[in-house]
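K.L.:
My file is target-v1.txt. It has compact mmCIF, C-alpha atoms:
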```
# COMPACT_ATOMS: atom_id res chain seq x y z
CA MET A 1 -3.66 8.40 -10.62
CA ARG A 2 -2.66 10.01 -7.35
CA ILE A 3 -5.66 11.41 -5.52
CA ASP A 4 -5.70 14.30 -3.07
CA ARG A 5 -1.92 14.43 -2.93
CA HIS A 6 -1.68 11.21 -0.93
CA ASP A 7 0.68 8.49 -2.01
CA ASP A 8 -1.52 5.90 -0.38
CA ARG A 9 -4.53 7.03 -2.36
CA THR A 10 -3.67 5.98 -5.83
CA ILE A 11 -5.74 4.30 -8.46
CA LEU A 12 -3.92 2.00 -10.82
CA VAL A 13 -5.51 2.74 -14.19
CA PRO A 14 -5.17 0.03 -16.82
CA ASP A 15 -4.95 0.47 -20.54
CA THR A 16 -8.60 0.56 -21.58
CA GLY A 17 -7.76 0.48 -25.25
CA GLY A 18 -9.28 3.91 -25.78
CA GLU A 19 -12.64 2.94 -24.26
CA TRP A 20 -14.40 4.93 -21.51
CA ARG A 21 -14.32 2.96 -18.27
CA TYR A 22 -15.02 3.74 -14.64
CA VAL A 23 -12.44 3.27 -11.91
CA MET A 24 -13.52 3.33 -8.28
CA TYR A 25 -12.16 5.59 -5.57
CA PRO A 26 -13.33 4.09 -2.28
CA HIS A 27 -12.90 7.20 -0.13
CA SER A 28 -14.97 10.20 0.68
CA ILE A 29 -14.13 13.28 -1.33
CA GLY A 30 -14.18 16.84 -0.13
CA ASP A 31 -15.11 20.10 -1.81
CA MET A 32 -11.98 19.97 -3.90
CA LEU A 33 -10.37 16.91 -5.40
CA PHE A 34 -6.79 16.85 -6.60
CA ILE A 35 -6.03 14.31 -9.29
CA GLN A 36 -2.53 13.78 -10.57
CA ALA A 37 -1.86 11.35 -13.36
CA THR A 38 1.58 9.80 -13.59
CA GLY A 39 2.84 7.17 -15.92
CA ASP A 40 4.71 6.26 -18.98
CA ARG A 41 3.50 8.19 -22.04
CA ALA A 42 -0.09 7.23 -21.31
CA THR A 43 -2.98 9.65 -21.69
CA ILE A 44 -5.87 9.69 -19.25
CA ASP A 45 -9.02 11.61 -20.14
CA ILE A 46 -11.53 12.26 -17.39
CA HIS A 47 -15.11 12.68 -18.54
CA HIS A 48 -17.00 12.86 -15.28
CA ILE A 49 -17.07 11.76 -11.65
CA THR A 50 -20.15 9.94 -10.43
CA THR A 51 -20.70 10.50 -6.72
CA ASN A 52 -23.45 7.92 -6.45
CA ALA A 53 -21.30 5.05 -7.69
CA SER A 54 -22.34 2.59 -5.01
CA ALA A 55 -25.90 2.77 -6.29
CA GLU A 56 -25.15 2.99 -9.99
CA LEU A 57 -22.26 0.58 -10.47
CA THR A 58 -21.35 -2.91 -9.40
CA PRO A 59 -17.58 -2.70 -9.61
CA PRO A 60 -15.42 -5.79 -9.52
CA THR A 61 -12.82 -5.42 -6.76
CA PHE A 62 -9.68 -7.22 -5.77
CA ASP A 63 -8.74 -8.00 -2.21
CA ASP A 64 -6.12 -5.59 -1.00
CA THR A 65 -4.16 -8.26 0.79
CA SER A 66 -2.71 -10.88 -1.42
CA THR A 67 -4.64 -14.07 -1.37
CA ALA A 68 -1.49 -14.91 -2.37
CA ALA A 69 0.45 -16.62 -3.87
CA SER A 70 1.56 -19.86 -4.40
CA MET B 71 5.45 -17.50 -4.65
CA SER B 72 7.15 -20.65 -5.83
CA TRP B 73 10.54 -22.02 -6.69
CA LYS B 74 12.26 -22.80 -9.96
CA GLY B 75 10.47 -25.54 -11.85
CA ALA B 76 7.54 -25.94 -9.46
CA THR B 77 4.07 -25.13 -10.78
CA ALA B 78 2.14 -22.76 -8.55
CA THR B 79 -1.49 -21.71 -8.82
CA ALA B 80 -3.11 -18.57 -7.47
CA TYR B 81 -6.72 -17.48 -7.61
CA LEU B 82 -6.74 -13.78 -8.42
CA SER B 83 -10.47 -13.57 -8.88
CA ALA B 84 -12.27 -10.36 -7.97
CA HIS B 85 -15.31 -9.80 -5.78
CA TYR B 86 -18.26 -9.01 -7.97
CA ALA B 87 -21.95 -8.52 -7.31
CA GLY B 88 -22.97 -7.66 -10.85
CA ALA B 89 -24.38 -9.85 -13.59
CA GLU B 90 -21.86 -9.34 -16.40
CA ASN B 91 -19.04 -11.66 -17.35
CA LEU B 92 -15.69 -10.60 -15.97
CA ALA B 93 -12.59 -10.50 -18.13
CA TYR B 94 -9.10 -10.71 -16.66
CA THR B 95 -6.01 -9.41 -18.39
CA ALA B 96 -2.39 -9.15 -17.35
CA ARG B 97 0.51 -6.94 -18.30
CA GLY B 98 4.04 -8.01 -17.63
CA LEU B 99 3.21 -11.69 -17.41
CA PRO B 100 6.57 -13.47 -17.24
CA ALA B 101 7.52 -16.52 -19.26
CA GLY B 102 6.05 -19.65 -17.77
CA ALA B 103 3.03 -17.84 -16.37
CA ASN B 104 -0.55 -17.91 -17.63
CA LEU B 105 -3.68 -16.06 -16.55
CA ASP B 106 -7.08 -17.54 -17.31
CA ALA B 107 -9.06 -14.67 -18.87
CA SER B 108 -12.41 -15.78 -17.50
CA THR B 109 -11.56 -17.09 -14.02
CA GLY B 110 -8.50 -15.07 -13.04
CA GLN B 111 -6.62 -18.23 -12.17
CA LEU B 112 -2.89 -17.77 -12.48
CA THR B 113 -0.55 -20.66 -13.04
CA CYS B 114 3.16 -20.19 -13.05
CA THR B 115 6.15 -22.44 -13.49
CA PRO B 116 9.15 -20.18 -12.97
CA ALA B 117 12.04 -20.86 -15.30
CA ALA B 118 14.43 -18.95 -13.08
CA ALA B 119 14.60 -17.48 -9.60
CA GLY B 120 13.65 -13.84 -9.18
CA SER B 121 10.83 -11.46 -8.60
CA THR B 122 8.46 -9.89 -11.16
CA VAL B 123 5.75 -7.30 -10.69
CA MET B 124 2.85 -7.64 -13.07
CA THR B 125 -0.45 -5.82 -13.39
CA VAL B 126 -3.69 -7.75 -13.34
CA THR B 127 -6.86 -6.03 -14.49
CA VAL B 128 -10.47 -7.10 -14.25
CA SER B 129 -13.30 -5.54 -16.21
CA ASP B 130 -17.05 -6.04 -16.40
CA GLY B 131 -17.24 -3.85 -19.46
CA THR B 132 -18.17 -0.75 -17.45
CA THR B 133 -15.82 -0.58 -14.49
CA VAL B 134 -12.21 -1.70 -14.33
CA ALA B 135 -9.94 -2.50 -11.39
CA SER B 136 -6.22 -3.13 -11.50
CA HIS B 137 -3.66 -4.22 -8.98
CA HIS B 138 -0.05 -5.21 -8.89
CA VAL B 139 0.80 -8.83 -8.35
CA VAL B 140 4.28 -9.88 -7.31
CA LEU B 141 5.53 -13.20 -8.58
CA ALA B 142 8.49 -14.32 -6.52
CA ALA B 143 10.42 -17.46 -7.31
CA ALA B 144 13.18 -18.94 -5.19
CA HIS B 145 16.02 -21.17 -6.31
CA ASN B 146 14.77 -24.14 -4.35
CA ARG B 147 12.44 -25.34 -1.62
CA SER B 148 14.35 -23.90 1.30
CA GLY B 149 14.68 -20.56 -0.47
CA ALA B 150 10.93 -20.57 -0.97
CA PHE B 151 10.49 -20.93 2.77
CA ALA B 152 12.49 -17.75 3.36
CA LEU B 153 10.37 -15.95 0.73
CA ALA B 154 7.12 -17.10 2.31
CA GLU B 155 8.23 -15.95 5.75
CA GLN B 156 9.18 -12.51 4.48
CA GLY B 157 7.32 -9.72 6.22
CA HIS B 158 7.27 -11.38 9.62
CA ASP B 159 9.33 -9.44 12.12
CA VAL B 160 10.51 -11.50 15.08
CA ASP B 161 10.81 -8.35 17.20
CA ALA B 162 7.33 -7.03 16.44
CA GLU B 163 4.40 -7.50 18.77
CA TYR B 164 1.42 -8.92 16.92
CA VAL B 165 -2.18 -9.39 17.95
CA SER B 166 -2.17 -12.76 19.67
CA ASP B 167 -4.59 -14.71 17.49
CA THR B 168 -2.92 -13.55 14.28
CA GLU B 169 0.45 -14.55 15.68
CA ALA B 170 -0.90 -17.95 16.74
CA ALA B 171 -2.14 -18.51 13.19
CA PHE B 172 1.29 -17.57 11.87
CA ASP B 173 3.07 -19.90 14.30
CA GLN B 174 0.84 -22.76 13.26
CA ALA B 175 1.39 -22.12 9.54
CA LEU B 176 5.13 -21.87 10.17
CA THR B 177 5.25 -25.17 12.04
CA THR B 178 3.24 -26.93 9.34
CA ALA B 179 5.45 -25.60 6.55
CA GLN B 180 8.62 -26.53 8.44
CA ALA B 181 7.35 -30.06 8.96
CA LEU B 182 6.68 -30.50 5.25
CA GLY B 183 9.91 -28.82 4.20
CA LYS B 184 11.92 -32.00 3.94
CA LYS B 185 9.45 -34.81 3.37
CA GLY B 186 6.38 -33.18 1.84
CA THR B 187 5.54 -33.43 -1.85
CA ASP B 188 5.90 -30.30 -3.96
CA ASP B 189 2.14 -29.79 -3.92
CA GLU B 190 1.84 -30.27 -0.17
CA TYR B 191 4.76 -27.98 0.52
CA LEU B 192 3.50 -25.26 -1.85
CA ALA B 193 0.08 -25.38 -0.20
CA ALA B 194 1.69 -25.02 3.24
CA LEU B 195 3.83 -22.11 2.04
CA THR B 196 0.72 -20.45 0.60
CA ARG B 197 -0.94 -20.68 3.98
CA LEU B 198 2.22 -19.23 5.51
CA VAL B 199 2.14 -16.24 3.12
CA THR B 200 -1.54 -15.72 3.96
CA ALA B 201 -0.71 -15.91 7.67
CA VAL B 202 2.05 -13.30 7.25
CA ASP B 203 -0.47 -11.05 5.47
CA GLY B 204 -2.87 -11.61 8.33
CA LEU B 205 -0.43 -10.48 11.03
CA TYR B 206 -1.73 -7.39 12.80
CA LEU B 207 0.55 -5.21 14.87
CA VAL B 208 -0.73 -4.52 18.36
CA SER B 209 0.39 -0.91 18.06
CA PRO B 210 0.75 0.13 14.43
CA HIS B 211 2.11 3.63 13.93
CA THR B 212 1.47 6.11 11.17
CA ALA B 213 4.27 7.04 8.83
CA VAL B 214 3.29 10.70 9.18
CA ASP B 215 4.35 11.27 12.77
CA ARG B 216 4.66 7.87 14.40
CA SER B 217 1.44 8.39 16.31
CA LEU B 218 -0.85 5.46 16.90
CA ASP B 219 -2.59 4.45 13.68
CA HIS B 220 -5.94 4.40 15.40
CA PRO B 221 -8.04 4.25 12.20
CA SER B 222 -6.81 0.71 11.68
CA LEU B 223 -7.66 -0.24 15.26
CA VAL B 224 -10.99 1.26 16.26
CA VAL B 225 -14.12 -0.82 16.04
CA THR B 226 -16.40 2.16 15.57
CA SER B 227 -16.00 5.91 15.58
CA THR B 228 -18.10 8.97 14.93
CA ALA B 229 -15.67 9.91 12.17
CA GLY B 230 -17.00 6.99 10.11
CA ALA B 231 -15.39 6.65 6.70
CA ASN B 232 -13.45 9.86 7.28
CA ILE B 233 -11.36 8.41 10.08
CA GLY B 234 -8.39 7.80 7.80
CA ASN B 235 -8.25 11.56 7.22
CA LEU B 236 -7.21 12.05 10.84
CA VAL B 237 -3.78 10.56 10.35
CA ASP B 238 -2.99 11.47 6.76
CA GLY B 239 -0.80 14.45 7.63
CA ASP B 240 -3.08 16.80 5.70
CA ASN B 241 -4.88 19.44 7.73
CA GLN B 242 -7.30 20.07 4.88
CA SER B 243 -8.91 16.70 5.40
CA GLY B 244 -10.53 15.43 8.55
CA THR B 245 -13.86 15.04 10.22
CA GLY B 246 -16.02 17.88 11.45
CA TYR B 247 -19.00 19.08 13.36
CA ALA B 248 -21.41 17.49 10.93
CA GLN B 249 -20.28 14.08 12.11
CA ALA B 250 -19.93 14.93 15.78
CA VAL B 251 -22.50 13.55 18.19
CA ASN B 252 -23.32 15.92 21.04
CA LEU B 253 -20.35 18.02 19.93
CA SER B 254 -18.13 15.00 20.55
CA HIS B 255 -16.23 12.46 18.58
CA THR B 256 -15.93 8.99 20.03
CA PHE B 257 -13.38 6.36 19.11
CA ASP B 258 -14.12 2.86 20.40
CA PHE B 259 -11.24 0.39 20.37
CA GLY B 260 -13.41 -2.58 21.20
CA LEU B 261 -13.55 -5.21 23.90
CA ASP B 262 -10.34 -7.08 23.30
CA PHE B 263 -7.89 -4.24 23.73
CA ARG B 264 -6.63 -1.91 26.37
CA VAL B 265 -5.29 1.46 25.40
CA SER B 266 -2.89 3.78 27.10
CA ALA B 267 -1.90 7.12 25.68
CA THR B 268 0.74 9.63 26.58
CA ARG B 269 -0.33 12.41 24.24
CA PHE B 270 -3.28 13.54 22.19
CA GLY B 271 -2.96 16.05 19.39
CA PHE B 272 -5.43 18.03 17.32
CA GLN B 273 -5.02 19.88 14.09
CA SER B 274 -7.35 22.50 12.69
CA ASN B 275 -7.90 23.16 9.01
CA ILE B 276 -7.91 26.92 9.49
CA PHE B 277 -7.98 28.61 12.88
CA ALA B 278 -6.14 26.75 15.59
CA ASP B 279 -8.02 28.48 18.37
CA ARG B 280 -11.21 26.82 17.22
CA LEU B 281 -9.90 23.71 18.88
CA ALA B 282 -9.04 25.49 22.09
CA ASN B 283 -10.74 24.02 25.13
CA SER B 284 -10.96 20.62 23.49
CA THR B 285 -11.13 17.94 26.13
CA VAL B 286 -10.29 14.28 25.90
CA TYR B 287 -12.09 11.68 27.97
CA GLY B 288 -11.40 7.99 28.44
CA SER B 289 -13.88 5.28 29.28
CA ASN B 290 -13.80 1.57 29.96
CA ASP B 291 -17.44 0.98 29.21
CA GLY B 292 -18.50 3.76 26.84
CA LYS B 293 -20.85 5.11 29.51
CA LYS B 294 -18.76 6.69 32.22
CA HIS B 295 -16.04 8.94 30.86
CA ARG B 296 -13.20 10.34 32.89
CA GLN B 297 -11.45 13.45 31.71
CA ARG B 298 -7.92 12.69 30.51
CA VAL B 299 -6.68 15.91 29.07
CA PRO B 300 -7.25 19.27 30.71
CA ASP B 301 -8.72 22.15 28.83
CA ARG B 302 -6.12 23.65 26.62
CA ARG B 303 -5.39 27.25 25.96
CA ALA B 304 -5.59 28.75 22.54
CA GLY B 305 -2.82 30.44 20.67
CA GLU B 306 0.13 28.30 21.66
CA ALA B 307 0.67 27.43 18.07
CA ASP B 308 3.96 28.01 16.42
CA ASP B 309 2.58 28.30 12.94
CA GLY B 310 -1.14 27.89 13.10
CA ARG B 311 -1.05 24.73 11.08
CA ASP B 312 0.29 22.37 13.65
CA ALA B 313 -1.33 24.32 16.38
CA GLU B 314 -2.25 21.82 18.98
CA ARG B 315 -0.38 18.98 17.54
CA GLY B 316 1.99 17.03 19.66
CA ARG B 317 1.53 19.07 22.76
CA ARG B 318 2.02 17.15 25.93
CA ALA B 319 -1.20 16.55 27.69
CA GLY B 320 0.00 15.73 31.12
CA GLY B 321 1.82 12.48 31.52
CA VAL B 322 0.78 8.91 30.98
CA LEU B 323 -2.93 8.42 31.01
CA ASP B 324 -3.98 5.46 33.05
CA LEU B 325 -7.25 4.64 31.42
CA PHE B 326 -7.86 1.38 33.15
CA GLY B 327 -8.32 0.47 36.72
CA GLY B 328 -11.64 -1.18 36.44
CA ALA B 329 -12.50 -4.79 35.85
CA PRO B 330 -12.87 -6.24 32.37
CA PRO B 331 -14.29 -5.82 29.82
CA TYR B 332 -12.07 -3.00 28.78
CA ALA B 333 -14.09 -1.19 26.20
CA PHE B 334 -12.46 2.10 25.49
CA GLY B 335 -13.51 5.21 23.79
CA PHE B 336 -12.58 8.79 24.03
CA ALA B 337 -14.60 11.81 23.25
CA VAL B 338 -13.23 15.02 21.92
CA THR B 339 -15.35 18.04 22.61
CA PRO B 340 -14.38 21.00 20.47
CA ASP B 341 -15.36 24.54 21.16
CA ALA B 342 -18.98 25.30 20.47
CA GLY B 343 -17.70 28.18 18.36
CA GLY B 344 -16.42 26.09 15.52
CA HIS B 345 -14.66 22.90 14.69
CA ASP B 346 -14.38 22.59 10.98
CA ALA B 347 -11.83 19.89 10.69
CA LEU B 348 -10.78 17.99 13.71
CA VAL B 349 -7.71 15.88 13.48
CA ALA B 350 -6.99 13.70 16.43
CA LEU B 351 -3.68 12.00 16.86
CA VAL B 352 -3.29 9.53 19.64
CA ASP B 353 0.19 8.68 20.66
CA GLY B 354 0.56 5.60 22.73
CA MET B 355 0.22 1.91 22.94
CA VAL B 356 -2.58 -0.54 22.52
CA ALA B 357 -2.07 -3.55 24.70
CA ASP B 358 -3.30 -6.85 23.44
CA ARG B 359 -5.57 -8.88 25.61
CA PRO B 360 -6.62 -12.40 24.68
CA PRO B 361 -10.25 -12.54 23.61
CA THR B 362 -12.59 -13.45 26.43
CA ARG B 363 -14.94 -15.30 24.13
```
Translate the structure described by the file into structure tokens.
P.N.:
Amino acid sequence: MRIDRHDDRTILVPDTGGEWRYVMYPHSIGDMLFIQATGDRATIDIHHITTNASAELTPPTFDDTSTAAS
Amino acid sequence: MSWKGATATAYLSAHYAGAENLAYTARGLPAGANLDASTGQLTCTPAAAGSTVMTVTVSDGTTVASHHVVLAAAHNRSGAFALAEQGHDVDAEYVSDTEAAFDQALTTAQALGKKGTDDEYLAALTRLVTAVDGLYLVSPHTAVDRSLDHPSLVVTSTAGANIGNLVDGDNQSGTGYAQAVNLSHTFDFGLDFRVSATRFGFQSNIFADRLANSTVYGSNDGKKHRQRVPDRRAGEADDGRDAERGRRAGGVLDLFGGAPPYAFGFAVTPDAGGHDALVALVDGMVADRPPTR
């Protein structure tokens, strides 16, 4: 999902097997949020956005930089 | 990163503060690779040279996170060295301690290149890849307009989490008066760096003249500020969107003349009338100074 028309603000959404799951967007959001879904024949349904995620969820996160590699 | 026939291991585990069990899954896992579903440990013995992008996902049952992982395999040990070094630019100027770490990792890997065991050499190459990732440019520039990517450099700023909005090329995002302190925004580049700038630019989300009379100050200690950019006149915009952007602000700004430490910050004081979205672009150079600690 491409957020707010910025290529560097994308969320890679995995196949959840039809289950509702949260994905995190670690940026502030303004009065209006643009969400563009791109992909290969996948369907993304959006049920709601929780704006208090840091208090309500404990999301697992990956390091951005590769811990990489060998 | 590995080479044909050598078994490499990577720990792709996620940060997690919750209490659930995490489950890792992968899409596009190539032949010879395996991802441990409970630990995220990836082992890979490439059957051929080449590069594959796969997607690794972690879930705690409520929230999911995915990222791309590149598996790159070289033909042999010396090819793997070239792969590990990729991303280091000999012409670039890096922050000194990150470059020292890279040099050390490079020397270690080179020394093991001929006589080290596969395991020793792979470990050294892993440290080299990590060191390449850790390289920080002294003066990174934004892709938008080649201005200084100051959000990645400042230690603190009044723009807080919104600072990235200032260089995203979008005048509908930014910081604003709600975040300003004493009608000012301050950007502190920290003790270890000196900054010089040739231009400052501002971008308004609606009316360009709201940023008229903005003034930029520089300071070595965060206490005494010297004015760096004269008051500007309103209405010199060509299209209202890029209003103040990129206008010359009077030559090279010599921000330093005092003795160390060179803390630096600049304050932008918008018009009292309104300053809905303030976008500051700093064009210039950050000079690296070895840490005094």
K.L.:
Taking all atoms listed in the file into account, which residues of chain A are within 6 Å of chain B, as number ranges by chain?
P.N.:
A: 12, 21-23, 58-62, 69-70
K.L.:
I'd like the interatomic distance between CA of Phe259 in chain B and CA of Thr226 in chain B, to a tenth of an Å.
P.N.:
7.3 Å
K.L.:
Distance CA of Asp40 in chain A-CA of Ile11 in chain A, one decimal place?
P.N.:
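Rounded to one decimal, the two atoms are 15.0 Å apart.
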K.L.:
Suppose you want the space between CA of Ala119 in chain B and CA of Ala175 in chain B; what is it in Å?
P.N.:
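These two atoms are separated by 23.7 Å.
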K.L.:
As a ChimeraX atom specification, please: the residues near Asp45 in chain A (cut-off 12 Å, all atoms listed in the file, same-chain neighbours under 2 positions excluded).
P.N.:
/A:1,13,15-16,18-22,35-37,42-43,47-49
K.L.:
Which one of B:Ala181, B:Ile233, B:Val225, B:Val160 sits closest to Asp262 in chain B if you count only C-alpha atoms?
P.N.:
B:Val225
K.L.:
Each side padded by 8 Å, which centre and which edge lengths in Å (one decimal) define the axis-aligned box around the listed atoms of range 113-131 of chain B? Give them as lines of an AutoDock Vina configuration file.
P.N.:
```
center_x = -1.3
center_y = -13.1
center_z = -14.0
size_x = 47.8
size_y = 34.6
size_z = 26.9
```
K.L.:
Need the shell around Arg9 in chain A: protein/DNA/RNA residues with any atom at most 9 Å away, counting all atoms listed in the file. Skip same-chain ones fewer than 5 positions apart. Format as a ChimeraX atom specification?
P.N.:
/A:1-4,25,27
K.L.:
So, with all atoms listed in the file as the atoms that count, which of A:Met32, A:Leu57, A:Pro14, A:Asp63 lies closest to Ile44 in chain A?
P.N.:
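Answer, going by the shortest atom-to-atom distance: A:Pro14.
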